[in-house]
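To be precise, the following lines are input12.json, and they hold JSON, C-alpha atoms.
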[["chain", "number", "residue", "atom", "x", "y", "z"],
["A", 58, "MET", "CA", 125.61, 86.10, 30.81],
["A", 59, "LYS", "CA", 123.85, 85.58, 34.13],
["A", 60, "ASP", "CA", 125.14, 87.59, 37.09],
["A", 61, "LYS", "CA", 127.33, 85.73, 39.54],
["A", 62, "PHE", "CA", 125.25, 86.97, 42.49],
["A", 63, "PRO", "CA", 121.54, 87.74, 42.82],
["A", 64, "THR", "CA", 120.57, 91.34, 42.10],
["A", 65, "GLU", "CA", 118.08, 91.65, 44.96],
["A", 66, "THR", "CA", 120.59, 93.33, 47.26],
["A", 67, "ASP", "CA", 118.88, 96.59, 48.10],
["A", 68, "THR", "CA", 118.76, 95.91, 51.86],
["A", 69, "LEU", "CA", 121.30, 94.83, 54.44],
["A", 70, "GLY", "CA", 119.20, 91.72, 55.13],
["A", 71, "SER", "CA", 119.14, 90.69, 51.48],
["A", 72, "ARG", "CA", 122.91, 91.13, 51.27],
["A", 73, "ILE", "CA", 123.40, 88.94, 54.36],
["A", 74, "LYS", "CA", 121.21, 86.33, 52.68],
["A", 75, "VAL", "CA", 123.37, 86.50, 49.52],
["A", 76, "ILE", "CA", 126.47, 85.83, 51.61],
["A", 77, "ARG", "CA", 124.86, 82.87, 53.40],
["A", 78, "LYS", "CA", 123.42, 81.33, 50.22],
["A", 79, "THR", "CA", 126.67, 81.82, 48.28],
["A", 80, "LEU", "CA", 128.45, 79.89, 51.03],
["A", 81, "GLY", "CA", 125.76, 77.20, 50.81],
["A", 82, "ILE", "CA", 124.95, 77.25, 54.52],
["A", 83, "LYS", "CA", 121.47, 76.68, 55.95],
["A", 84, "GLN", "CA", 119.93, 79.42, 58.07],
["A", 85, "GLU", "CA", 120.01, 77.29, 61.22],
["A", 86, "GLU", "CA", 123.72, 76.47, 60.85],
["A", 87, "PHE", "CA", 124.61, 80.05, 60.01],
["A", 88, "ALA", "CA", 122.68, 81.41, 63.00],
["A", 89, "LYS", "CA", 124.36, 78.90, 65.30],
["A", 90, "SER", "CA", 127.83, 79.89, 64.05],
["A", 91, "MET", "CA", 126.93, 83.52, 64.79],
["A", 92, "ASP", "CA", 125.69, 82.66, 68.33],
["A", 93, "ILE", "CA", 122.16, 83.93, 67.65],
["A", 94, "SER", "CA", 118.78, 82.27, 67.35],
["A", 95, "THR", "CA", 117.47, 81.13, 63.99],
["A", 96, "ALA", "CA", 114.45, 83.41, 64.48],
["A", 97, "SER", "CA", 116.68, 86.46, 65.01],
["A", 98, "PHE", "CA", 118.79, 85.57, 62.00],
["A", 99, "SER", "CA", 115.65, 85.15, 59.90],
["A", 100, "ASP", "CA", 114.53, 88.61, 61.05],
["A", 101, "TYR", "CA", 117.88, 90.02, 59.89],
["A", 102, "GLU", "CA", 117.54, 88.47, 56.45],
["A", 103, "THR", "CA", 113.96, 89.67, 56.00],
["A", 104, "GLY", "CA", 114.76, 93.16, 57.27],
["A", 105, "LYS", "CA", 112.47, 92.99, 60.29],
["A", 106, "LYS", "CA", 115.47, 93.68, 62.53],
["A", 107, "ASN", "CA", 118.96, 95.01, 61.94],
["A", 108, "PRO", "CA", 121.92, 92.98, 63.18],
["A", 109, "GLY", "CA", 124.14, 94.40, 65.87],
["A", 110, "PHE", "CA", 127.83, 95.21, 65.63],
["A", 111, "ASP", "CA", 128.89, 91.77, 66.91],
["A", 112, "CYS", "CA", 126.93, 89.98, 64.17],
["A", 113, "LEU", "CA", 128.33, 92.23, 61.43],
["A", 114, "PHE", "CA", 131.84, 91.85, 62.81],
["A", 115, "LYS", "CA", 131.51, 88.05, 62.68],
["A", 116, "LEU", "CA", 130.26, 88.22, 59.08],
["A", 117, "VAL", "CA", 133.39, 90.14, 58.13],
["A", 118, "THR", "CA", 135.91, 88.19, 60.21],
["A", 119, "GLN", "CA", 134.51, 84.64, 60.08],
["A", 120, "TYR", "CA", 133.05, 84.64, 56.59],
["A", 121, "ASN", "CA", 135.28, 87.20, 54.83],
["A", 122, "ALA", "CA", 132.26, 89.36, 53.91],
["A", 123, "CYS", "CA", 133.09, 92.66, 52.24],
["A", 124, "VAL", "CA", 132.08, 95.70, 54.34],
["A", 125, "GLU", "CA", 131.26, 97.78, 51.24],
["A", 126, "PHE", "CA", 128.93, 95.07, 49.97],
["A", 127, "LEU", "CA", 127.22, 94.62, 53.36],
["A", 128, "PHE", "CA", 126.55, 98.31, 53.97],
["A", 129, "PHE", "CA", 126.26, 99.78, 50.48],
["A", 130, "GLY", "CA", 125.62, 96.85, 48.15],
["A", 131, "THR", "CA", 128.64, 97.71, 46.01],
["A", 132, "GLY", "CA", 131.34, 95.38, 44.78],
["A", 133, "GLU", "CA", 131.66, 91.70, 45.49],
["A", 134, "PRO", "CA", 130.13, 90.03, 48.57],
["A", 135, "PHE", "CA", 133.51, 88.70, 49.69],
["A", 136, "ARG", "CA", 136.79, 90.49, 50.32],
["A", 137, "LYS", "CA", 139.91, 90.04, 48.27],
["A", 138, "GLU", "CA", 142.95, 88.39, 49.75],
["A", 139, "LYS", "CA", 143.74, 90.10, 53.04],
["A", 140, "GLY", "CA", 147.16, 91.34, 51.96],
["A", 141, "ASP", "CA", 145.72, 92.98, 48.84],
["A", 142, "GLU", "CA", 143.03, 94.73, 50.86],
["A", 143, "ILE", "CA", 145.62, 96.17, 53.26],
["A", 144, "ASP", "CA", 147.73, 97.37, 50.34],
["A", 145, "ASP", "CA", 144.66, 99.04, 48.76],
["A", 146, "LEU", "CA", 143.87, 100.79, 52.05],
["A", 147, "ILE", "CA", 147.42, 102.01, 52.44],
["A", 148, "LYS", "CA", 147.51, 103.31, 48.84],
["A", 149, "GLU", "CA", 144.51, 105.53, 49.59],
["A", 150, "GLU", "CA", 146.45, 107.42, 52.26],
["A", 151, "ASN", "CA", 149.84, 109.09, 52.16],
["A", 152, "PHE", "CA", 152.05, 107.69, 54.91],
["A", 153, "GLY", "CA", 155.28, 108.74, 53.23],
["A", 154, "SER", "CA", 158.38, 107.08, 54.65],
["A", 155, "ASN", "CA", 156.20, 105.29, 57.23],
["A", 156, "THR", "CA", 154.28, 103.29, 54.61],
["A", 157, "GLU", "CA", 156.08, 100.00, 55.26],
["A", 158, "ASP", "CA", 155.68, 100.39, 59.03],
["A", 159, "VAL", "CA", 151.96, 101.10, 58.62],
["A", 160, "ARG", "CA", 151.58, 98.06, 56.36],
["A", 161, "GLU", "CA", 153.32, 95.88, 58.96],
["A", 162, "MET", "CA", 151.13, 97.32, 61.76],
["A", 163, "PHE", "CA", 147.92, 96.57, 59.82],
["A", 164, "ARG", "CA", 149.07, 93.02, 59.16],
["A", 165, "TYR", "CA", 149.91, 92.51, 62.82],
["A", 166, "ILE", "CA", 146.49, 93.81, 63.89],
["A", 167, "ARG", "CA", 144.73, 91.68, 61.27],
["A", 168, "ASP", "CA", 146.59, 88.49, 62.18],
["A", 169, "SER", "CA", 146.12, 88.80, 65.92],
["A", 170, "ARG", "CA", 142.51, 88.44, 67.06],
["A", 171, "TRP", "CA", 143.38, 89.73, 70.55],
["A", 172, "VAL", "CA", 145.05, 92.85, 69.16],
["A", 173, "MET", "CA", 142.14, 93.50, 66.78],
["A", 174, "ASN", "CA", 139.59, 93.15, 69.58],
["A", 175, "SER", "CA", 141.67, 95.42, 71.78],
["A", 176, "CYS", "CA", 141.90, 98.05, 69.01],
["A", 177, "LEU", "CA", 138.14, 97.88, 68.41],
["A", 178, "ASN", "CA", 137.41, 98.26, 72.12],
["A", 179, "HIS", "CA", 139.71, 101.29, 72.38],
["A", 180, "PHE", "CA", 138.10, 102.82, 69.29],
["A", 181, "LYS", "CA", 134.56, 102.30, 70.65],
["A", 182, "GLU", "CA", 135.62, 103.80, 73.98],
["A", 183, "PHE", "CA", 137.22, 106.76, 72.18],
["A", 184, "LEU", "CA", 134.02, 107.37, 70.19],
["A", 185, "PHE", "CA", 131.88, 107.10, 73.31],
["A", 186, "ARG", "CA", 134.05, 109.48, 75.37],
["A", 187, "ASN", "CA", 134.49, 111.96, 72.53],
["A", 188, "ARG", "CA", 131.01, 111.75, 71.02],
["A", 189, "ASP", "CA", 130.07, 115.32, 71.95],
["A", 190, "GLY", "CA", 133.39, 116.72, 70.74],
["A", 191, "ILE", "CA", 133.23, 114.83, 67.46],
["A", 192, "GLU", "CA", 129.66, 115.99, 66.84],
["A", 193, "MET", "CA", 130.70, 119.57, 67.67],
["A", 194, "ASP", "CA", 133.67, 119.37, 65.26],
["A", 195, "MET", "CA", 131.39, 118.06, 62.54],
["A", 196, "LYS", "CA", 128.93, 120.93, 63.10],
["A", 197, "LYS", "CA", 131.78, 123.48, 62.98],
["A", 198, "GLU", "CA", 133.04, 121.98, 59.71],
["A", 199, "GLN", "CA", 129.53, 122.07, 58.26],
["A", 200, "THR", "CA", 129.11, 125.72, 59.29],
["A", 201, "LYS", "CA", 132.43, 126.63, 57.64],
["A", 202, "LYS", "CA", 131.34, 124.99, 54.39],
["A", 203, "GLN", "CA", 127.99, 126.79, 54.47],
["A", 204, "LYS", "CA", 129.66, 130.17, 55.11],
["A", 205, "GLY", "CA", 132.13, 129.47, 52.29],
["A", 206, "LYS", "CA", 129.27, 128.90, 49.85],
["A", 207, "GLY", "CA", 127.59, 132.18, 50.85],
["A", 208, "LYS", "CA", 130.66, 134.32, 50.04],
["A", 209, "LYS", "CA", 130.39, 133.85, 46.27]]

Same coordinates, now as structure tokens:
Amino acid sequence: MKDKFPTETDTLGSRIKVIRKTLGIKQEEFAKSMDISTASFSDYETGKKNPGFDCLFKLVTQYNACVEFLFFGTGEPFRKEKGDEIDDLIKEENFGSNTEDVREMFRYIRDSRWVMNSCLNHFKEFLFRNRDGIEMDMKKEQTKKQKGKGKK
């Protein structure tokens, strides 16, 4: 049986091309819908350039592209139904008695473009302001792991 999707998905650009071709949209139309030039979009698909955050965000939000497929080439190119994806995410974590509230919060964020953009902006600002602290915490954690391995 022939695969549903092409197997040449070893680069981000090739995976973007799979998404576009599966949707049956010409490069020019796709680039226009993403608010970028056709030349830039062509460079993304060929791997000459990497798309920015805004382009990737539009792929996920406008075209329902799967993040895991885009970045890692695993799974299907398109996400499941939005409610199922939220439920899968919530199952991975233990929110205890707050599970239903967390589910409702995720749905509210997902369904409101303004809220989602606001959350993303706050998250980017948090990362920017705490970049040094986050990197320092990561180094401390790495050092702990290395010391733990040496005690054997």

Review point. Near A:Glu85, counting all atoms listed in the file, which residues have an atom at most 9 Å away, once you skip same-chain residues fewer than 2 positions from it, shown as a PyMOL selection string?
Key: chain A and resi 82-83+87-90+94-96+98

Exercise for review: Show which residues sit within 12 Å of stretch 100-104 of chain A, as a list in words. Count all atoms listed in the file, and ignore same-chain residues fewer than 5 positions away.
Suggested key: Glu65, Thr66, Asp67, Thr68, Leu69, Gly70, Ser71, Arg72, Ile73, Lys74, Val75, Ile76, Arg77, Lys78, Gln84, Phe87, Ala88, Ile93, Ser94, Thr95, Gly109, Cys112, Leu113 and Leu127 of chain A

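Among the candidates A:Phe128, A:Tyr120, A:Phe163, A:Phe152, the residue lying nearest to A:Asn107 is A:Phe128 (atoms considered: only C-alpha atoms).
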
Point to revise | Point-to-point distance from atom CA of A:Phe135 to atom CA of A:Arg160, Å rounded to tenths | key: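 Atom-to-atom, atom CA of A:Phe135 to atom CA of A:Arg160, that is 21.4 Å.
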
Check your understanding: Separation of atom CA of A:Lys115 and atom CA of A:Asp92, in Å?
Key ->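 Between atom CA of A:Lys115 and atom CA of A:Asp92 the gap is 9.7 Å.
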
Review point. Mind pulling up the distance from atom CA of A:Thr131 to atom CA of A:Phe183?
Key: 29.0 Å

Taking all atoms of stretch 108-122 of chain A that the file lists and extending 4 Å past them on each side, where is the centre of the axis-aligned box and how long are its edges? Answer in Å to one decimal, as AutoDock Vina command-line options.
--center_x 128.9 --center_y 89.9 --center_z 60.4 --size_x 22.0 --size_y 18.6 --size_z 21.0
